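Below is one structure; the comments refer to it alone.
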Amino acid sequence: MAESVTVRAPCSTANLGPGFDVFGLALDAYYDEIRLRKEGKGITIQSSSPIPLQPEKNSAGLVVREMSKKFKIKSAITMKIKKGVPAGFGIGSSAASAAAAAVAFNSLFELNLDSNTLVQFAGIGEMASAGSIHYDNVAASVLGGFVIVRTNPLDVISIDPPKDLVLCVAIPKITVPQNKTKVSRSVLPQQIKLSDHVENLANAAVITAGFMKKDVNLIGRSIRDIIVEPARKHLIPGFNKVKTNALAAGASGVTISGAGPSIIAFTSKSADPRKICKAMERGFAFAKTKCTTIVCKPSKGASVI
């Protein structure tokens, strides 16, 4: 049995418009890296990044603590976290760390856990940042590709994305509150019209069909959310302009990435992703907001390196 293991896990986007708390997609834009070593006393976290070092307040620390309890692991563990995923911008920063921790722990102690169980433990880590367990981002970071999550009972389905799918992500340079996910959830409607539910459900079903058929245009045309996006877009300066600009520049679909404030555009290799990024930058500039844009593709899941 190894004394240490290092795992790299990708960032992700969740919801994809109508698939709130159900859909996730791993992205190759940023990665977190975690090394677990059998040493020290109890669970110790080391990092040069500005993150909580107490296990109960850290997404990766929570995962390791819960897995140690569940599998009665007595060994002391030192965890070194190298953050590559920007925190608080809706691209699964806490989830990447939680996913890497679950996969690393599974490898270090040779537990041979199945993917559902890995996702279940990784989801516990979201308590540290979101205050609740949810699985869309962690499932994408653990398994890679496009994921569908049913929580009761927990089932995680992974589908390989189309090879020509390209994503343009615009990350605004704004101050986000520490409890950003809680804030973004607090603005959601408690009741919705049946007709709105039906429309979102239809769009979500067609997104799934688009991934099954490897049809980028079908996916993009179905990134339409009339429930969550309208409730959250006021939290993002210039959202309407960014979305309008990206669609005019050739994106087939645009929505909020996870809980925001990043905005993600869906397109294909045959389009001009840099043109879409520039259009999104102009949209944020219209609201006197700077942003960072990145062109990326779907990623594989967490892996031992």
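Chain labels A, B, ... are given in the sequence in which chains occur in the structure tokens; within each chain residues are numbered consecutively from 1, and ligands are likewise numbered from 1 in the order shown.
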Go through segment 94-166 of chain A and flag each residue having an atom no more than 10 Å from segment 56-78 of chain A; for those, report the closest pair of atoms plus their distance in Å to one decimal, using only C-alpha atoms, ordered by chain and rising number, as a Markdown table.
| residue | atom | partner | partner_atom | distance |
| --- | --- | --- | --- | --- |
| A:Ser94 | CA | A:Ser59 | CA | 5.8 |
| A:Ala95 | CA | A:Ser59 | CA | 7.4 |
| A:Ala96 | CA | A:Ala60 | CA | 8.8 |
| A:Ser97 | CA | A:Ala60 | CA | 5.3 |
| A:Ala98 | CA | A:Ala60 | CA | 4.4 |
| A:Ala99 | CA | A:Ala60 | CA | 7.7 |
| A:Ala100 | CA | A:Ala60 | CA | 7.6 |
| A:Ala101 | CA | A:Ala60 | CA | 5.3 |
| A:Ala102 | CA | A:Val63 | CA | 6.3 |
| A:Ala104 | CA | A:Val64 | CA | 9.2 |
| A:Phe105 | CA | A:Val64 | CA | 6.9 |
| A:Asn106 | CA | A:Met67 | CA | 8.8 |
| A:Phe109 | CA | A:Ile73 | CA | 8.5 |
| A:Leu111 | CA | A:Phe71 | CA | 8.7 |
| A:Leu118 | CA | A:Met67 | CA | 9.8 |
| A:Gln120 | CA | A:Val63 | CA | 9.6 |
| A:Phe121 | CA | A:Val63 | CA | 6.0 |
| A:Ala122 | CA | A:Val63 | CA | 6.0 |
| A:Gly123 | CA | A:Val63 | CA | 8.1 |
| A:Ile124 | CA | A:Val63 | CA | 6.1 |
| A:Gly125 | CA | A:Ser59 | CA | 4.0 |
| A:Glu126 | CA | A:Ser59 | CA | 5.9 |
| A:Met127 | CA | A:Ser59 | CA | 7.1 |
| A:Ala128 | CA | A:Ser59 | CA | 5.2 |
| A:Ser129 | CA | A:Ser59 | CA | 7.0 |
| A:Ala130 | CA | A:Ser59 | CA | 9.7 |
For N, CA and C atoms, I'd like the residues from the last selection saved as a PDB file, in the first residue's frame.
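Saved the output as part.pdb:
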ATOM      1  N   SER A  94     -14.833  24.413  -5.012  1.00  0.00           N
ATOM      2  CA  SER A  94     -14.896  23.521  -3.847  1.00  0.00           C
ATOM      3  C   SER A  94     -15.107  22.079  -4.284  1.00  0.00           C
ATOM      4  N   ALA A  95     -15.869  21.897  -5.363  1.00  0.00           N
ATOM      5  CA  ALA A  95     -16.144  20.545  -5.860  1.00  0.00           C
ATOM      6  C   ALA A  95     -14.892  19.871  -6.400  1.00  0.00           C
ATOM      7  N   ALA A  96     -14.026  20.645  -7.056  1.00  0.00           N
ATOM      8  CA  ALA A  96     -12.793  20.060  -7.592  1.00  0.00           C
ATOM      9  C   ALA A  96     -11.923  19.525  -6.454  1.00  0.00           C
ATOM     10  N   SER A  97     -11.825  20.289  -5.364  1.00  0.00           N
ATOM     11  CA  SER A  97     -11.046  19.832  -4.211  1.00  0.00           C
ATOM     12  C   SER A  97     -11.686  18.608  -3.564  1.00  0.00           C
ATOM     13  N   ALA A  98     -13.007  18.653  -3.415  1.00  0.00           N
ATOM     14  CA  ALA A  98     -13.721  17.530  -2.794  1.00  0.00           C
ATOM     15  C   ALA A  98     -13.582  16.261  -3.633  1.00  0.00           C
ATOM     16  N   ALA A  99     -13.697  16.413  -4.947  1.00  0.00           N
ATOM     17  CA  ALA A  99     -13.571  15.263  -5.846  1.00  0.00           C
ATOM     18  C   ALA A  99     -12.162  14.678  -5.785  1.00  0.00           C
ATOM     19  N   ALA A 100     -11.163  15.550  -5.826  1.00  0.00           N
ATOM     20  CA  ALA A 100      -9.778  15.087  -5.764  1.00  0.00           C
ATOM     21  C   ALA A 100      -9.513  14.352  -4.448  1.00  0.00           C
ATOM     22  N   ALA A 101     -10.074  14.877  -3.354  1.00  0.00           N
ATOM     23  CA  ALA A 101      -9.873  14.247  -2.044  1.00  0.00           C
ATOM     24  C   ALA A 101     -10.492  12.854  -1.998  1.00  0.00           C
ATOM     25  N   ALA A 102     -11.712  12.719  -2.518  1.00  0.00           N
ATOM     26  CA  ALA A 102     -12.390  11.417  -2.493  1.00  0.00           C
ATOM     27  C   ALA A 102     -11.633  10.379  -3.320  1.00  0.00           C
ATOM     28  N   ALA A 104      -8.453  10.496  -4.176  1.00  0.00           N
ATOM     29  CA  ALA A 104      -7.142  10.250  -3.557  1.00  0.00           C
ATOM     30  C   ALA A 104      -7.262   9.305  -2.364  1.00  0.00           C
ATOM     31  N   PHE A 105      -8.256   9.520  -1.522  1.00  0.00           N
ATOM     32  CA  PHE A 105      -8.456   8.668  -0.344  1.00  0.00           C
ATOM     33  C   PHE A 105      -8.760   7.233  -0.781  1.00  0.00           C
ATOM     34  N   ASN A 106      -9.601   7.117  -1.788  1.00  0.00           N
ATOM     35  CA  ASN A 106      -9.958   5.789  -2.319  1.00  0.00           C
ATOM     36  C   ASN A 106      -8.714   5.056  -2.822  1.00  0.00           C
ATOM     37  N   PHE A 109      -5.977   4.199   0.227  1.00  0.00           N
ATOM     38  CA  PHE A 109      -6.339   3.094   1.123  1.00  0.00           C
ATOM     39  C   PHE A 109      -6.949   1.894   0.378  1.00  0.00           C
ATOM     40  N   LEU A 111      -9.588   1.251  -1.473  1.00  0.00           N
ATOM     41  CA  LEU A 111     -10.965   0.923  -1.098  1.00  0.00           C
ATOM     42  C   LEU A 111     -11.792   0.375  -2.257  1.00  0.00           C
ATOM     43  N   LEU A 118     -18.080   7.302  -4.609  1.00  0.00           N
ATOM     44  CA  LEU A 118     -17.108   8.399  -4.649  1.00  0.00           C
ATOM     45  C   LEU A 118     -17.823   9.750  -4.731  1.00  0.00           C
ATOM     46  N   GLN A 120     -20.868  10.386  -3.776  1.00  0.00           N
ATOM     47  CA  GLN A 120     -21.585  10.588  -2.517  1.00  0.00           C
ATOM     48  C   GLN A 120     -20.673  11.221  -1.457  1.00  0.00           C
ATOM     49  N   PHE A 121     -19.453  10.706  -1.327  1.00  0.00           N
ATOM     50  CA  PHE A 121     -18.519  11.272  -0.349  1.00  0.00           C
ATOM     51  C   PHE A 121     -18.043  12.664  -0.785  1.00  0.00           C
ATOM     52  N   ALA A 122     -17.781  12.837  -2.060  1.00  0.00           N
ATOM     53  CA  ALA A 122     -17.342  14.148  -2.551  1.00  0.00           C
ATOM     54  C   ALA A 122     -18.419  15.205  -2.294  1.00  0.00           C
ATOM     55  N   GLY A 123     -19.676  14.805  -2.423  1.00  0.00           N
ATOM     56  CA  GLY A 123     -20.782  15.737  -2.200  1.00  0.00           C
ATOM     57  C   GLY A 123     -20.817  16.292  -0.788  1.00  0.00           C
ATOM     58  N   ILE A 124     -20.333  15.510   0.162  1.00  0.00           N
ATOM     59  CA  ILE A 124     -20.282  15.970   1.560  1.00  0.00           C
ATOM     60  C   ILE A 124     -19.409  17.217   1.680  1.00  0.00           C
ATOM     61  N   GLY A 125     -18.379  17.294   0.851  1.00  0.00           N
ATOM     62  CA  GLY A 125     -17.484  18.445   0.889  1.00  0.00           C
ATOM     63  C   GLY A 125     -18.167  19.758   0.570  1.00  0.00           C
ATOM     64  N   GLU A 126     -19.268  19.707  -0.192  1.00  0.00           N
ATOM     65  CA  GLU A 126     -19.964  20.941  -0.554  1.00  0.00           C
ATOM     66  C   GLU A 126     -20.599  21.632   0.651  1.00  0.00           C
ATOM     67  N   MET A 127     -20.732  20.886   1.755  1.00  0.00           N
ATOM     68  CA  MET A 127     -21.250  21.513   2.983  1.00  0.00           C
ATOM     69  C   MET A 127     -20.371  22.681   3.418  1.00  0.00           C
ATOM     70  N   ALA A 128     -19.081  22.585   3.137  1.00  0.00           N
ATOM     71  CA  ALA A 128     -18.137  23.609   3.590  1.00  0.00           C
ATOM     72  C   ALA A 128     -18.373  24.947   2.906  1.00  0.00           C
ATOM     73  N   SER A 129     -18.768  24.929   1.641  1.00  0.00           N
ATOM     74  CA  SER A 129     -18.923  26.187   0.906  1.00  0.00           C
ATOM     75  C   SER A 129     -20.375  26.562   0.665  1.00  0.00           C
ATOM     76  N   ALA A 130     -21.212  25.565   0.392  1.00  0.00           N
ATOM     77  CA  ALA A 130     -22.607  25.851   0.033  1.00  0.00           C
ATOM     78  C   ALA A 130     -23.567  25.705   1.209  1.00  0.00           C
TER      79      ALA A 130
END
request  = Would you mind listing what lies within 9 Å of segment 240-255 of chain A as a ChimeraX atom specification, with only C-alpha atoms counted and same-chain residues fewer than 4 positions away left out?
outcome  = /A:16-17,168,170,216-225,229,233,262-268,271-273,275-284,286-287
Selection file, N, CA, C and O atoms, as a compact mmCIF listing (two decimals), in the first residue's frame:
# COMPACT_ATOMS: atom_id res chain seq x y z
N LEU A 16 -26.28 23.84 -16.61
CA LEU A 16 -26.41 23.94 -18.06
C LEU A 16 -27.78 24.49 -18.45
O LEU A 16 -28.47 23.98 -19.33
N GLY A 17 -28.20 25.52 -17.72
CA GLY A 17 -29.51 26.12 -17.98
C GLY A 17 -30.60 25.40 -17.20
O GLY A 17 -30.71 25.57 -15.97
N CYS A 168 -17.01 28.71 -23.99
CA CYS A 168 -16.39 30.00 -23.72
C CYS A 168 -16.90 30.47 -22.37
O CYS A 168 -18.10 30.65 -22.19
N ALA A 170 -16.79 33.34 -19.37
CA ALA A 170 -16.43 34.72 -19.01
C ALA A 170 -16.57 34.86 -17.50
O ALA A 170 -17.66 34.67 -16.95
N VAL A 216 -23.88 19.10 -31.05
CA VAL A 216 -23.58 20.34 -30.34
C VAL A 216 -24.67 21.38 -30.54
O VAL A 216 -25.06 22.08 -29.60
N ASN A 217 -25.19 21.48 -31.75
CA ASN A 217 -26.21 22.49 -32.02
C ASN A 217 -27.49 22.20 -31.23
O ASN A 217 -28.11 23.12 -30.69
N LEU A 218 -27.85 20.95 -31.13
CA LEU A 218 -29.05 20.57 -30.37
C LEU A 218 -28.87 20.90 -28.89
O LEU A 218 -29.79 21.41 -28.23
N ILE A 219 -27.66 20.64 -28.37
CA ILE A 219 -27.36 20.98 -26.97
C ILE A 219 -27.50 22.49 -26.78
O ILE A 219 -28.21 22.96 -25.89
N GLY A 220 -26.83 23.25 -27.62
CA GLY A 220 -26.81 24.70 -27.48
C GLY A 220 -28.20 25.32 -27.58
O GLY A 220 -28.56 26.20 -26.78
N ARG A 221 -29.00 24.85 -28.53
CA ARG A 221 -30.35 25.40 -28.72
C ARG A 221 -31.26 25.11 -27.53
O ARG A 221 -32.31 25.74 -27.37
N SER A 222 -30.86 24.14 -26.71
CA SER A 222 -31.70 23.73 -25.58
C SER A 222 -31.22 24.32 -24.25
O SER A 222 -31.83 24.08 -23.21
N ILE A 223 -30.13 25.09 -24.29
CA ILE A 223 -29.63 25.75 -23.07
C ILE A 223 -30.55 26.95 -22.82
O ILE A 223 -30.17 28.11 -23.00
N ARG A 224 -31.77 26.66 -22.44
CA ARG A 224 -32.77 27.70 -22.19
C ARG A 224 -33.45 27.41 -20.86
O ARG A 224 -34.06 26.35 -20.68
N ASP A 225 -33.31 28.35 -19.94
CA ASP A 225 -33.83 28.18 -18.58
C ASP A 225 -34.74 29.36 -18.25
O ASP A 225 -34.29 30.51 -18.24
N GLU A 229 -32.42 31.03 -14.17
CA GLU A 229 -31.67 32.14 -14.77
C GLU A 229 -32.35 33.50 -14.57
O GLU A 229 -31.69 34.47 -14.16
N LYS A 233 -30.14 36.40 -12.65
CA LYS A 233 -29.32 37.21 -13.56
C LYS A 233 -29.06 38.62 -13.04
O LYS A 233 -28.05 39.24 -13.41
N SER A 262 -19.97 33.68 -13.20
CA SER A 262 -19.43 33.40 -14.54
C SER A 262 -20.57 33.08 -15.50
O SER A 262 -21.62 32.54 -15.11
N ILE A 263 -20.35 33.40 -16.76
CA ILE A 263 -21.32 33.11 -17.82
C ILE A 263 -20.65 32.19 -18.82
O ILE A 263 -19.48 32.39 -19.18
N ILE A 264 -21.37 31.17 -19.27
CA ILE A 264 -20.78 30.17 -20.17
C ILE A 264 -21.55 30.11 -21.48
O ILE A 264 -22.79 30.13 -21.49
N ALA A 265 -20.81 30.08 -22.57
CA ALA A 265 -21.40 29.99 -23.91
C ALA A 265 -21.00 28.66 -24.53
O ALA A 265 -19.86 28.21 -24.39
N PHE A 266 -21.95 28.04 -25.22
CA PHE A 266 -21.74 26.76 -25.87
C PHE A 266 -21.61 26.97 -27.37
O PHE A 266 -22.41 27.66 -27.98
N THR A 267 -20.58 26.35 -27.95
CA THR A 267 -20.36 26.48 -29.38
C THR A 267 -19.60 25.25 -29.87
O THR A 267 -19.41 24.29 -29.13
N SER A 268 -19.17 25.29 -31.12
CA SER A 268 -18.46 24.14 -31.70
C SER A 268 -17.13 24.60 -32.30
O SER A 268 -16.87 25.79 -32.45
N ALA A 271 -17.11 27.11 -35.17
CA ALA A 271 -17.38 28.53 -34.91
C ALA A 271 -16.06 29.24 -34.58
O ALA A 271 -14.98 28.67 -34.73
N ASP A 272 -16.16 30.47 -34.12
CA ASP A 272 -14.98 31.25 -33.76
C ASP A 272 -15.05 31.58 -32.27
O ASP A 272 -15.61 32.63 -31.88
N PRO A 273 -14.52 30.71 -31.41
CA PRO A 273 -14.63 30.92 -29.96
C PRO A 273 -14.03 32.24 -29.48
O PRO A 273 -14.56 32.86 -28.56
N LYS A 275 -13.94 35.03 -31.03
CA LYS A 275 -14.90 36.09 -31.37
C LYS A 275 -16.00 36.15 -30.32
O LYS A 275 -16.43 37.22 -29.90
N ILE A 276 -16.46 34.97 -29.88
CA ILE A 276 -17.50 34.90 -28.85
C ILE A 276 -16.97 35.46 -27.53
O ILE A 276 -17.65 36.23 -26.85
N CYS A 277 -15.73 35.12 -27.19
CA CYS A 277 -15.12 35.65 -25.96
C CYS A 277 -15.03 37.17 -26.00
O CYS A 277 -15.35 37.86 -25.01
N LYS A 278 -14.60 37.71 -27.12
CA LYS A 278 -14.49 39.17 -27.26
C LYS A 278 -15.86 39.83 -27.12
O LYS A 278 -16.00 40.90 -26.51
N ALA A 279 -16.89 39.18 -27.67
CA ALA A 279 -18.25 39.71 -27.58
C ALA A 279 -18.72 39.71 -26.12
O ALA A 279 -19.39 40.66 -25.67
N MET A 280 -18.36 38.66 -25.39
CA MET A 280 -18.74 38.58 -23.96
C MET A 280 -18.00 39.65 -23.16
O MET A 280 -18.57 40.28 -22.26
N GLU A 281 -16.74 39.89 -23.49
CA GLU A 281 -15.97 40.94 -22.82
C GLU A 281 -16.61 42.31 -23.04
O GLU A 281 -16.70 43.12 -22.11
N ARG A 282 -17.08 42.54 -24.26
CA ARG A 282 -17.75 43.83 -24.56
C ARG A 282 -19.05 43.95 -23.78
O ARG A 282 -19.43 45.04 -23.34
N GLY A 283 -19.73 42.82 -23.60
CA GLY A 283 -20.97 42.84 -22.83
C GLY A 283 -20.73 43.24 -21.39
O GLY A 283 -21.47 44.06 -20.82
N PHE A 284 -19.68 42.70 -20.77
CA PHE A 284 -19.36 43.08 -19.40
C PHE A 284 -18.86 44.53 -19.35
O PHE A 284 -19.16 45.27 -18.41
N PHE A 286 -19.84 46.92 -21.13
CA PHE A 286 -21.05 47.76 -21.20
C PHE A 286 -21.56 48.06 -19.79
O PHE A 286 -22.12 49.13 -19.53
N ALA A 287 -21.35 47.10 -18.87
CA ALA A 287 -21.76 47.28 -17.47
C ALA A 287 -20.59 47.73 -16.61
O ALA A 287 -20.62 47.59 -15.38
inquiry  = For the structure I just gave you, how does DSSP split segment 36-218 of chain A - specifically, which residues are alpha helix (DSSP H)? Reply as a ChimeraX atom specification.
reply    = /A:59-70,93-108,115-124,127-130,136-143,180-186,194-213,216-218
inquiry  = To one decimal place in Å, what is the distance between atom CA of Phe211 of chain A and atom CA of Val85 of chain A?
reply    = 25.2 Å
request  = Name all residues at most 7 Å from Met79 of chain A (count only C-alpha atoms; drop same-chain ones fewer than 6 positions away) and give them as number ranges by chain.
outcome  = A: 34-37, 44-46
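Between Leu154 of chain A and the candidates A:Ser141, A:Ser4, A:Asn116, A:Gln190, the tightest atom-to-atom separation, counting only C-alpha atoms, involves A:Asn116.
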query = Counting only C-alpha atoms, which of A:Pro189, A:Tyr31, A:Ser270, A:Val149 gets nearest to Arg232 of chain A?
reply = A:Pro189
key: Test item: residues at most 7 Å from Lys297 of chain A, only C-alpha atoms, excluding those fewer than 5 positions along its chain, as a ChimeraX atom specification   = /A:27-28,165-167
query = With distances taken over only C-alpha atoms, which of A:Pro153, A:Pro162, A:Gly19, A:Gly92 is nearest to Ala139 of chain A?
reply =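 Nearest to Ala139 of chain A: A:Gly92.
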Spatial neighbours of Pro177 of chain A, max dist 12 Å, only C-alpha atoms, sep filter under 6 positions, as a count of residues only = 10
query = Which residues come within 12 Å of Asp155 of chain A, counting only C-alpha atoms, excluding same-chain residues fewer than 2 positions away, as number ranges by chain?
reply = A: 22, 114-120, 135-136, 139, 147-153, 157-158
